[in-house]
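Novice: Got a structure for you, written out below as structure tokens; questions coming shortly.
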Amino acid sequence: MIELSNVSKTYGSGDSAVHALSDVNLCVPKGTIHGVIGLSGAGKSTLIRCVNLLERPTQGSVTVDGQEMTRLSGGALNQARHRIGMIFQHFNLLTTRNVFDNVALPLELMGEKRSAIQSRVLPLLEMVGLADKAKQYPAQLSGGQKQRVAIARALASKPNVLLCDEATSALDPQTTGSILELLRDINQQLGITILLITHEMEVVKSICHRVSLISNGKLVEDAEVGDFFTAPRTQLGREFLNDFLQLSPPKELIERLSATPNEATHPVVRLTFSGDAVSTPLISRLARECNVDVSILQAKVESIQDRTLGLMIAELLGTTEQTQKAMNYLQSHQLEVEVLGYVQRNV
Amino acid sequence: MSSAMFDLILQATLDTLYMVAISGVISTLLGLPLGVLLYVTRPRQILAQPVLNQTLSIITNIGRSIPFIILMVAIIPFTRMLVGTSIGINAASVPLTIAAIPFVARLIEGALNEVSPGLVESAQSMGATPWQIIRKVLIPEARGGIITGLTITLVTLVSYSAMAGAVGGGGLGDLGIRYGYNRFNPTIMLITVVILVVLVQGFQSLGDYLVRKSDRK
């Protein structure tokens with residue numbers, strides 16, 4: 001369980017002050033995976049570092065597993081950090097230690113005996129699939145293997161919470177997939193609470209239960225992943241989603257779009273289907289019942305965890321009354337209809 | 001070459017090695033902690049102490065800016081207090097050590113600065129104390145840079161030790177000046193220079209070997 005309440009972080013003071021985080025409230029229940037997504041410089045990095053106090057919040061409180069981190073310092077803070085694992089974008093493995101000794105480091109720091117270390121490290125390496133690499137050095141490993149070592153290291157002290165700082169951003173898509181799978185397994189098998197920050201929707205889609213959207217140091221959206229992907233509430237959320245779905249009207253169409261309709265134009269719409277609407281043959285019914293033709297420009301169906309999301313960009317061909325009726329029909333069937341603009345009929 | 005001359009050269013070589021060894025070891029023992037302190041007390045570092053850092057930095061710079069030949073003469077009273085005499089190889093080792101401490105410290109500081117800040121951050125996230133970070137992260141990860149720095153120090157000490165002859169310090173430099181230069185014996189001059197070259201080459205090769213051995217990147 002991670003709880004941030006009214007957390008702000010300001011660098012500098014006066015006119016040159018930079019507000020990296022403003023009044024952030026976040027609650028990650030025990031055993032869940034929570035993603036924080038945002039663009040570079042939005043404050044993701046500062047946010048995750050406020051949890052284990054690598055950055056000390058200027059205001060507000062951070063509580064992890066009932067312990068108020070923001071009240072701790074020195075030895076007590078170090079003790080609390082043993083219960084919070086963290087992995088990083090660039091892995092941060094010690095180059096002069098082999099795989100075994102890297103995973104052993106947090107245990108050494110806690111003053112564990114050599115025999116206890118031995119019996120803890122090997123199963124961890126087994127779990128991340130690197131038991132045969134114990135004597136190798138990080139330089140001999142691939143990016144994905146390095147992150148696996150880092151995950152084993154982060155779990156060595158049996159933490160209840162794992163913080164992932166852009167953990168897959170330096171990896172190729174395939175390796176990203178396998179690391180995310182490992183994180184999901186860890187979450188399910190060990191019940192560890194995971195807070196991750198990322199700029200990739202793919203990461204949120206694959207493993208997160210809930211997601212927060214961060215912009216200019218503020219959390220602007222907080223939703224179940226299924227809801228976020230089917231109906232983001234903010235403009236930024238929609239931009240992330242469109243970017244992820246790579247669904248936007250062709251450039252030459254955008255150039256021809258005008259903002260206002262007249263008798264000689266027809267609408268171009270973006271339709272978002274979710275829930276029951278996905279499995280209903282709505283387009284053919286639309287054509288029959290409203291007497292319009294539908295010209296599909298782009299379409300895509302995505303499964304997000306247990307939900308299915310359909311997206312379509314289409315031109316509705318018909319008279320003004322017909323197309324208006326068609327849009328009403330679609331809306332009455334729980335589709336989200338967004339008019340992108342109008343194009344000339346004869347083109 | 002007479003055997004007397006041979007003995008002279010052998011003795012001078014041993015004297016040089018003695019001075020370099022004494023000053024090398026002591027300056028490392030004192031310069032290493034100073035270098036670590038210079039690094040970890042920097043602003044935003046694990047033991048940030050801006051005032052202490054500035055103070056240490058100024059003292060180090062003063063030590064580095066005094067020409068060796070002047071330092072040697074200036075600290076004669078201190079040398080005499082420490083080893084009871086101001087001439088000979090023991091006396092020469094004192095200014096050599098004093099001069100090398102800030103030199104070592106700056107090289108160590110530079111080597112630590114090459115350690116990725118991410119490694120320190122991840123150790124902090126594991127709950128490492130500053131002392132654990134120094135011992136288990138900074139120094140091991142800077143190993144290659146530290147060895148390179150100590151090699152540079154040894155080579156510099158070989159050259160500085162030649163100056164010690166000016167205060168009756170002994171060693172190869174002293175021999176070269178007294179026999180080679182003052183008594184117009186080009187052979188002796190050449191031999192001392194050749195031995196110095198060999199020593200420097202030896203230290204450098206040893207250092208390079210150790211750096212290679214420690215490198216896991």
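Ordering of the structure tokens sets the chain letters (A, B, ...); residue numbers start at 1 within each chain; ligands are numbered from 1 in the order shown.
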Could you name the residues that touch B:Thr60 at 8 Å or less, counting only C-alpha atoms, but leaving out those on the same chain fewer than 5 positions away, as a list of chain:residue names?
Specialist: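 Non-adjacent residues within range: B:Pro102, B:Ala105, B:Arg106.
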Novice: Can you tell me which residues surround stretch 273-277 of chain A at a distance of at most 9 Å, considering only C-alpha atoms, apart from same-chain residues fewer than 6 positions away, and format the answer as a list in words?
Specialist: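 Close residues of stretch 273-277 of chain A: Thr230, Ala231, Val301, Arg307, Thr308, Leu309, Gly310, Leu311, Met312, His333, Gln334, Leu335 and Glu336 of chain A.
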Novice: Compute the set of chain A residues within 10 Å of chain B, using only C-alpha atoms, and express it as a PyMOL selection string.
Specialist: chain A and resi 49+52-54+74-98+105-110+136-140+150+153-154+156-157+163
Novice: What's around B:Met72 at 12 Å? Count only C-alpha atoms, leave out sequence neighbours fewer than 6 positions away in its own chain, and write the answer as a list of chain:residue names.
Specialist: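 Contacts, in chain order: B:Gly63, B:Ile66, B:Phe78, B:Thr79, B:Arg80, B:Ser86, B:Ile87, B:Ala91, B:Ala92, B:Ser93, B:Val94, B:Pro95, B:Leu96, B:Thr97, B:Ile98, B:Ala99, B:Tyr160, B:Ser161, B:Met163, B:Ala164, B:Gly165, B:Ala166, B:Val167, B:Gly168, B:Gly169.
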Novice: So that I can check the secondary structure, give me every residue of stretch 46-205 of chain B assigned alpha helix (DSSP H) by backbone DSSP, as a ChimeraX atom specification.
Specialist: /B:50-65,68-74,76-83,89-113,117-125,130-133,139-141,143-163,172-175,186-205
Novice: Find the residues around stretch 207-211 of chain A up to 10 Å (only C-alpha atoms counted), leave out those fewer than 2 positions away in its own chain, and share them as an mmCIF file with C-alpha atoms, in the first residue's frame.
Specialist:
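Below is the file that was written, part.cif:
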data_model
loop_
_atom_site.group_PDB
_atom_site.id
_atom_site.type_symbol
_atom_site.label_atom_id
_atom_site.label_comp_id
_atom_site.auth_asym_id
_atom_site.auth_seq_id
_atom_site.Cartn_x
_atom_site.Cartn_y
_atom_site.Cartn_z
ATOM 1 C CA VAL A 28 -2.049 2.288 -4.573
ATOM 2 C CA THR A 32 -2.090 -3.912 -7.243
ATOM 3 C CA ILE A 33 -0.068 -2.572 -10.140
ATOM 4 C CA HIS A 34 -0.441 1.143 -10.650
ATOM 5 C CA GLY A 35 0.986 2.988 -13.630
ATOM 6 C CA VAL A 36 1.784 6.674 -13.866
ATOM 7 C CA ILE A 37 2.048 7.813 -17.446
ATOM 8 C CA GLY A 177 7.121 -7.942 -23.183
ATOM 9 C CA LEU A 180 6.460 -7.051 -18.120
ATOM 10 C CA GLU A 181 5.419 -10.665 -17.916
ATOM 11 C CA LEU A 183 6.682 -8.204 -13.271
ATOM 12 C CA ARG A 184 3.118 -9.494 -13.579
ATOM 13 C CA ASP A 185 4.191 -12.921 -12.270
ATOM 14 C CA ASN A 187 2.853 -9.280 -8.561
ATOM 15 C CA ILE A 194 3.967 -2.243 -7.891
ATOM 16 C CA LEU A 195 4.127 1.443 -8.758
ATOM 17 C CA LEU A 196 5.601 2.097 -12.170
ATOM 18 C CA ILE A 197 6.196 5.175 -14.229
ATOM 19 C CA MET A 201 0.831 3.053 -23.172
ATOM 20 C CA GLU A 202 1.817 -0.508 -24.033
ATOM 21 C CA VAL A 203 3.227 -0.958 -20.510
ATOM 22 C CA VAL A 204 0.063 0.381 -18.905
ATOM 23 C CA LYS A 205 -2.096 -1.763 -21.165
ATOM 24 C CA LEU A 213 -1.949 10.569 -16.018
ATOM 25 C CA ILE A 214 0.564 13.201 -14.977
ATOM 26 C CA GLU A 221 -6.582 11.638 -14.519
ATOM 27 C CA ASP A 222 -6.829 8.517 -12.398
ATOM 28 C CA ALA A 223 -8.799 5.579 -13.734
ATOM 29 C CA GLU A 224 -9.119 1.845 -14.143
ATOM 30 C CA VAL A 225 -7.015 0.850 -17.125
ATOM 31 C CA GLY A 226 -10.075 -0.389 -19.041
ATOM 32 C CA ASP A 227 -11.838 2.938 -18.547
ATOM 33 C CA PHE A 228 -8.766 4.963 -19.433
ATOM 34 C CA PHE A 229 -8.347 3.135 -22.717
ATOM 35 C CA ILE A 304 -7.237 -4.095 -23.153
ATOM 36 C CA GLN A 305 -7.156 -6.717 -20.442
#
Novice: Just give me the gap between atom CA of B:Gly110 and atom CA of A:Asn102 in Å, one decimal is fine.
Specialist: 24.5 Å
Novice: Please provide as an MDAnalysis selection string all residues within 8 Å of B:Asp15, with the sequence filter that same-chain residues fewer than 2 positions apart are discarded (counting only C-alpha atoms).
Specialist: chainID B and resid 11:13 17:19 89 170:172
Novice: Save out the residues we just selected, N, CA and C atoms, as an mmCIF file, in the first residue's frame.
Specialist:
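Output file part01.cif follows:
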data_model
loop_
_atom_site.group_PDB
_atom_site.id
_atom_site.type_symbol
_atom_site.label_atom_id
_atom_site.label_comp_id
_atom_site.auth_asym_id
_atom_site.auth_seq_id
_atom_site.Cartn_x
_atom_site.Cartn_y
_atom_site.Cartn_z
ATOM 1 N N GLN B 11 72.927 1.982 -5.284
ATOM 2 C CA GLN B 11 72.450 2.625 -4.062
ATOM 3 C C GLN B 11 71.465 3.747 -4.401
ATOM 4 N N ALA B 12 71.797 4.527 -5.414
ATOM 5 C CA ALA B 12 70.939 5.653 -5.807
ATOM 6 C C ALA B 12 69.575 5.145 -6.294
ATOM 7 N N THR B 13 69.599 4.036 -7.036
ATOM 8 C CA THR B 13 68.334 3.473 -7.527
ATOM 9 C C THR B 13 67.459 3.022 -6.360
ATOM 10 N N LEU B 17 63.786 4.370 -5.203
ATOM 11 C CA LEU B 17 62.642 3.480 -4.979
ATOM 12 C C LEU B 17 62.109 3.635 -3.563
ATOM 13 N N TYR B 18 63.030 3.797 -2.610
ATOM 14 C CA TYR B 18 62.639 3.949 -1.204
ATOM 15 C C TYR B 18 61.778 5.198 -1.028
ATOM 16 N N MET B 19 62.271 6.322 -1.591
ATOM 17 C CA MET B 19 61.530 7.579 -1.441
ATOM 18 C C MET B 19 60.151 7.492 -2.106
ATOM 19 N N ILE B 89 67.402 10.606 2.491
ATOM 20 C CA ILE B 89 66.186 10.142 1.831
ATOM 21 C C ILE B 89 64.961 10.184 2.739
ATOM 22 N N GLY B 170 69.490 12.564 -1.907
ATOM 23 C CA GLY B 170 69.941 11.261 -2.397
ATOM 24 C C GLY B 170 69.069 10.782 -3.538
ATOM 25 N N GLY B 171 69.409 9.578 -4.052
ATOM 26 C CA GLY B 171 68.640 9.015 -5.152
ATOM 27 C C GLY B 171 69.259 9.332 -6.500
ATOM 28 N N LEU B 172 68.583 8.873 -7.536
ATOM 29 C CA LEU B 172 69.126 8.953 -8.890
ATOM 30 C C LEU B 172 69.290 10.393 -9.372
#
Novice: Env of stretch 201-209 of chain B: 7 Å cut, atoms = only C-alpha atoms, seq-sep filter 6 positions within chain, self excluded. Answer as number ranges by chain.
Specialist: B: 147-148, 151, 155
Novice: Mind checking which residues fall within 8 Å of A:Leu286, counting only C-alpha atoms, ignoring those fewer than 6 positions away in the same chain, and posting them as a PDB file with N, CA and C atoms, in the first residue's frame?
Specialist:
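Once written, part_13.pdb looks like this:
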ATOM      1  N   VAL A 292     -27.848   5.811 -44.694  1.00  0.00           N
ATOM      2  CA  VAL A 292     -26.599   6.505 -45.042  1.00  0.00           C
ATOM      3  C   VAL A 292     -25.577   5.472 -45.500  1.00  0.00           C
ATOM      4  N   ALA A 326     -28.035   9.445 -38.218  1.00  0.00           N
ATOM      5  CA  ALA A 326     -27.065   8.352 -38.049  1.00  0.00           C
ATOM      6  C   ALA A 326     -26.230   8.555 -36.792  1.00  0.00           C
ATOM      7  N   TYR A 329     -28.246   7.823 -33.795  1.00  0.00           N
ATOM      8  CA  TYR A 329     -28.423   6.377 -33.691  1.00  0.00           C
ATOM      9  C   TYR A 329     -27.203   5.740 -33.015  1.00  0.00           C
ATOM     10  N   LEU A 330     -26.009   6.146 -33.474  1.00  0.00           N
ATOM     11  CA  LEU A 330     -24.776   5.580 -32.922  1.00  0.00           C
ATOM     12  C   LEU A 330     -24.642   5.928 -31.442  1.00  0.00           C
TER      13      LEU A 330
END
Novice: In terms of the shortest atom-to-atom distance over only C-alpha atoms, which of A:Asp23, A:Asp165, A:Cys290, A:Leu4 is closest to A:Val64?
Specialist: A:Leu4
Novice: From the set B:Lys213, B:Leu154, B:Arg178, B:Val83, which residue has the shortest atom-to-atom contact distance to B:Val20, counting only C-alpha atoms?
Specialist: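 The answer is B:Leu154, which sits nearest to B:Val20.
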Novice: One decimal, in Å: what's the spacing between atom CA of A:Ser40 and atom CA of A:His199?
Specialist: 7.5 Å
